[in-house]
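Engineer: Sharing a structure below in structure tokens format, with a few things to ask.
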Amino acid sequence: MRNHLKKLLIFTCLALLVGVSGQALGDSNHSFSGFRMGVGARALGMGGAYVAIADDACAGYWNPAGLTAIENFNLSTMVAADMGADRKFNHIALGYNFGTAGWAAFSWIDFGISDIEKRDEFGNSLGLFNADEHGFLFSYGNVLNDLHVGATVKVAYAKIDDYSKTGVGFDLGLKYIVNENLHIGITAADLGTKVGEDKLPIVFRLGLGAYAFDGFTFAADVEKIQDESNVKIRLGSEYDYEFAEEYFGAIRAGVNDGAFAIGVGLTVMSNYSLDYAFVEDTEDFLGHNHRVSLTLSF
């Protein structure tokens with residue numbers, strides 16, 4: 001059985017590479033920003049290198065196969081601050097272990113830009129308007145020996161001034177546990193995703209997670225967006241240590257396609273986690289922002 005699973009993983013990798021090199025299925029202009037900005041202060045403090053690491057309700061966004069790490073119940077929230085350009089970004093995710101029936105999660109992504117100036121064809125000001133995006137993610141994961149599999153159904157709703165549009169798409173994820181020290185993750189995001197008349201490009205990611213020694217974690221992701229020539233590299237690290245009985249602290253650092261990130265975290269009794277990340281935006285003109293997450297596990 002193990003050999004068959006390895007063959008399946010290899011086949012999937014080849015299929016993804018073929019898909020990357022093939023003809024694009026959609027415009028490379030990613031119109032729904034909320035689906036590509038990253039969620040969770042822990043993940044973003046590691047530069048977004050999280051495809052093979054994801055192990056909480058945020059896995060519904062990063063890699064739904066990672067939901068299988070949830071022991072019972074997991075709730076994760078995130079708010080962003082100082083994003084610039086009058087942007088907001090919030091996220092909440094709920095994951096649950098249904099035993100032999102598998103794992104399921106629901107996520108809500110809330111992104112928007114406020115106070116955008118509206119002008120007519122002659123350049124005259126017509127006041128201000130807002131742009132809002134809401135993403136609703138329904139995720140499922142299960143285990144086949146050492147191969148963890150998952151899928152996410154994404155429902156998108158966008159409203160710009162008086163115009164609104166909706167859409168549906170899919171993500172698929174795999175996570176292979178090579179051993180307790182090495183995990184491999186693969187995802188294909190936005191399969192067939194269309195919001196209004198805009199087709200979102202498929203995003204392929206391959207990630208490695210190495211649990212080296214004494215609380216150290218290292219991660220690396222490679223991302224290829226369909227119909228774009230460049231490949232994005234994300235690197236991240238985390239050091240987790242127990243500084244008092246059942247009190248754990250963490251420090252993190254990462255690089256997201258050249259943009260630097262750092263973060264810290266506090267976990268109490270393995271049930272309550274508070275995380276912070278300082279994130280540089282990959283677009284220089286947007287500067288930096290802060291992400292704060294609270295995670296509850298039972």
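Residues are named by chain letter and number: chains run A, B, ... in the order of the structure tokens, numbers start at 1 in each chain, and ligands are numbered from 1 in the order shown.
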Any chance you could list, as a ChimeraX atom specification, the residues in region 47-270 of chain A that come up strand (DSSP E) when DSSP is run on the backbone?
Structural biologist: /A:73-81,87-97,103-119,125-144,147-160,163-179,182-195,198-199,203-211,216-225,231-244,247-256,259-268
Engineer: Only C-alpha atoms, please: the residues just picked out, written as a compact mmCIF listing (two decimals), in the first residue's frame.
Structural biologist:
# COMPACT_ATOMS: atom_id res chain seq x y z
CA PHE A 73 -11.69 21.34 17.77
CA ASN A 74 -9.75 24.34 16.50
CA LEU A 75 -10.75 27.98 16.13
CA SER A 76 -8.39 30.48 14.50
CA THR A 77 -8.92 34.22 14.04
CA MET A 78 -6.81 36.95 12.46
CA VAL A 79 -7.00 40.72 12.12
CA ALA A 80 -4.69 43.00 10.17
CA ALA A 81 -3.61 46.51 11.13
CA ARG A 87 -7.36 48.32 3.33
CA LYS A 88 -8.84 45.87 5.83
CA PHE A 89 -8.28 42.12 6.10
CA ASN A 90 -9.83 39.72 8.61
CA HIS A 91 -10.10 35.95 8.79
CA ILE A 92 -11.81 33.36 10.97
CA ALA A 93 -11.70 29.58 10.63
CA LEU A 94 -13.32 26.72 12.52
CA GLY A 95 -12.09 23.11 12.21
CA TYR A 96 -13.40 19.90 13.74
CA ASN A 97 -12.33 16.25 13.87
CA TRP A 103 -12.00 16.50 9.29
CA ALA A 104 -13.97 19.54 8.18
CA ALA A 105 -13.47 23.30 8.40
CA PHE A 106 -15.25 26.52 7.56
CA SER A 107 -13.38 29.77 6.88
CA TRP A 108 -14.44 33.35 6.22
CA ILE A 109 -12.16 35.88 4.54
CA ASP A 110 -13.07 39.58 4.74
CA PHE A 111 -11.04 41.98 2.60
CA GLY A 112 -11.87 45.51 1.53
CA ILE A 113 -10.72 48.98 0.53
CA SER A 114 -12.57 52.05 1.76
CA ASP A 115 -12.85 55.68 0.65
CA ILE A 116 -12.04 55.19 -3.04
CA GLU A 117 -12.66 58.37 -5.00
CA LYS A 118 -15.22 58.06 -7.79
CA ARG A 119 -14.96 60.27 -10.86
CA SER A 125 -15.43 63.91 -8.34
CA LEU A 126 -18.59 61.96 -7.59
CA GLY A 127 -17.76 61.18 -3.96
CA LEU A 128 -16.31 58.09 -2.32
CA PHE A 129 -17.15 54.39 -2.50
CA ASN A 130 -15.95 51.11 -0.97
CA ALA A 131 -14.85 47.78 -2.40
CA ASP A 132 -15.48 44.62 -0.36
CA GLU A 133 -14.62 40.96 -0.91
CA HIS A 134 -15.91 37.99 1.09
CA GLY A 135 -14.64 34.46 0.68
CA PHE A 136 -16.37 31.46 2.24
CA LEU A 137 -14.31 28.26 2.34
CA PHE A 138 -15.73 24.79 3.04
CA SER A 139 -12.92 22.29 3.54
CA TYR A 140 -12.54 18.56 4.11
CA GLY A 141 -9.54 16.35 4.88
CA ASN A 142 -8.82 12.68 5.50
CA VAL A 143 -5.93 10.21 5.79
CA LEU A 144 -4.81 7.31 3.62
CA LEU A 147 -0.88 10.34 2.61
CA HIS A 148 -3.19 13.11 3.81
CA VAL A 149 -5.68 14.50 1.29
CA GLY A 150 -8.00 17.48 1.31
CA ALA A 151 -10.26 19.71 -0.76
CA THR A 152 -11.83 23.14 -0.37
CA VAL A 153 -14.90 24.60 -2.05
CA LYS A 154 -14.62 28.39 -2.28
CA VAL A 155 -17.54 30.77 -2.63
CA ALA A 156 -16.66 34.37 -3.47
CA TYR A 157 -18.71 37.55 -3.24
CA ALA A 158 -17.37 40.94 -4.29
CA LYS A 159 -19.09 44.33 -4.17
CA ILE A 160 -17.57 47.42 -5.75
CA TYR A 163 -21.82 46.53 -8.62
CA SER A 164 -21.57 43.01 -7.18
CA LYS A 165 -20.40 39.64 -8.49
CA THR A 166 -20.16 36.09 -7.17
CA GLY A 167 -18.18 32.97 -8.00
CA VAL A 168 -17.20 29.44 -7.02
CA GLY A 169 -13.89 27.59 -7.16
CA PHE A 170 -11.92 24.68 -5.71
CA ASP A 171 -8.61 23.90 -4.03
CA LEU A 172 -6.97 20.47 -3.75
CA GLY A 173 -4.20 19.51 -1.35
CA LEU A 174 -1.92 16.61 -0.48
CA LYS A 175 0.39 16.16 2.46
CA TYR A 176 2.83 13.26 2.64
CA ILE A 177 4.43 12.35 5.96
CA VAL A 178 7.84 11.04 4.97
CA ASN A 179 8.76 10.63 8.65
CA LEU A 182 9.97 15.70 7.11
CA HIS A 183 6.59 16.59 5.55
CA ILE A 184 5.78 17.34 1.90
CA GLY A 185 2.77 19.41 0.83
CA ILE A 186 1.28 20.04 -2.60
CA THR A 187 -1.69 22.26 -3.47
CA ALA A 188 -3.51 23.43 -6.56
CA ALA A 189 -5.63 26.46 -5.69
CA ASP A 190 -8.39 28.21 -7.63
CA LEU A 191 -9.22 25.32 -9.91
CA GLY A 192 -11.96 26.66 -12.15
CA THR A 193 -12.49 29.67 -9.89
CA LYS A 194 -14.49 32.38 -11.61
CA VAL A 195 -15.75 35.57 -9.95
CA ASP A 198 -13.08 37.06 -14.21
CA LYS A 199 -11.31 33.70 -14.26
CA VAL A 203 -1.91 28.63 -8.26
CA PHE A 204 0.38 25.63 -7.75
CA ARG A 205 2.45 25.26 -4.59
CA LEU A 206 4.99 22.69 -3.46
CA GLY A 207 6.18 22.85 0.15
CA LEU A 208 8.67 21.11 2.43
CA GLY A 209 8.54 21.17 6.21
CA ALA A 210 11.51 19.99 8.26
CA TYR A 211 11.15 19.48 12.01
CA PHE A 216 13.24 24.13 15.35
CA THR A 217 11.06 24.08 12.24
CA PHE A 218 12.19 25.02 8.75
CA ALA A 219 9.90 25.42 5.74
CA ALA A 220 10.24 26.18 2.03
CA ASP A 221 7.50 26.72 -0.56
CA VAL A 222 7.66 27.16 -4.31
CA GLU A 223 4.68 28.87 -5.98
CA LYS A 224 3.86 29.05 -9.69
CA ILE A 225 0.88 31.04 -10.92
CA VAL A 231 8.30 31.48 -9.68
CA LYS A 232 7.85 32.69 -6.11
CA ILE A 233 9.99 31.30 -3.30
CA ARG A 234 8.99 31.41 0.36
CA LEU A 235 11.30 30.45 3.21
CA GLY A 236 10.43 30.30 6.89
CA SER A 237 11.70 29.18 10.27
CA GLU A 238 10.33 28.84 13.77
CA TYR A 239 11.87 28.15 17.16
CA ASP A 240 9.40 26.95 19.80
CA TYR A 241 10.49 26.60 23.42
CA GLU A 242 8.93 25.97 26.85
CA PHE A 243 9.97 28.78 29.19
CA ALA A 244 7.67 27.70 32.05
CA TYR A 247 3.92 27.95 28.65
CA PHE A 248 5.55 27.98 25.23
CA GLY A 249 7.08 30.87 23.33
CA ALA A 250 7.96 31.02 19.66
CA ILE A 251 10.04 33.28 17.43
CA ARG A 252 9.70 33.20 13.67
CA ALA A 253 11.23 34.70 10.55
CA GLY A 254 10.69 34.29 6.85
CA VAL A 255 11.01 35.68 3.36
CA ASN A 256 8.06 35.87 0.96
CA ALA A 259 9.60 40.50 1.34
CA PHE A 260 10.77 39.99 4.93
CA ALA A 261 8.57 38.86 7.84
CA ILE A 262 9.11 38.21 11.53
CA GLY A 263 6.79 36.98 14.26
CA VAL A 264 6.38 35.82 17.83
CA GLY A 265 3.89 33.57 19.58
CA LEU A 266 2.70 32.49 23.01
CA THR A 267 0.93 29.18 23.68
CA VAL A 268 -0.61 28.26 27.04
Engineer: Can you list every residue in region 19-156 of chain A that DSSP puts in alpha helix (DSSP H), as a PyMOL selection string?
Structural biologist: chain A and resi 19-21+41-45+59-62
Engineer: Between A:Asp161, A:Gly102, A:Gly287, A:Phe32, which one has atoms that come closest to Pro64 (chain A), using only C-alpha atoms?
Structural biologist: A:Gly102
Engineer: How many Å separate CA of Ala69 (chain A) from CA of Asp55 (chain A)?
Structural biologist: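 Taking CA of Ala69 (chain A) and CA of Asp55 (chain A), their separation equals 5.0 Å.
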Engineer: Would you mind reading off the distance between CA of Gly196 (chain A) and CA of Gly38 (chain A), one decimal, in Å?
Structural biologist: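 So the answer is 22.3 Å.
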Engineer: What is the CA of Gly84 (chain A)-CA of Met46 (chain A) distance in Å, reported with one decimal?
Structural biologist: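 Taking CA of Gly84 (chain A) and CA of Met46 (chain A), their separation equals 21.4 Å.
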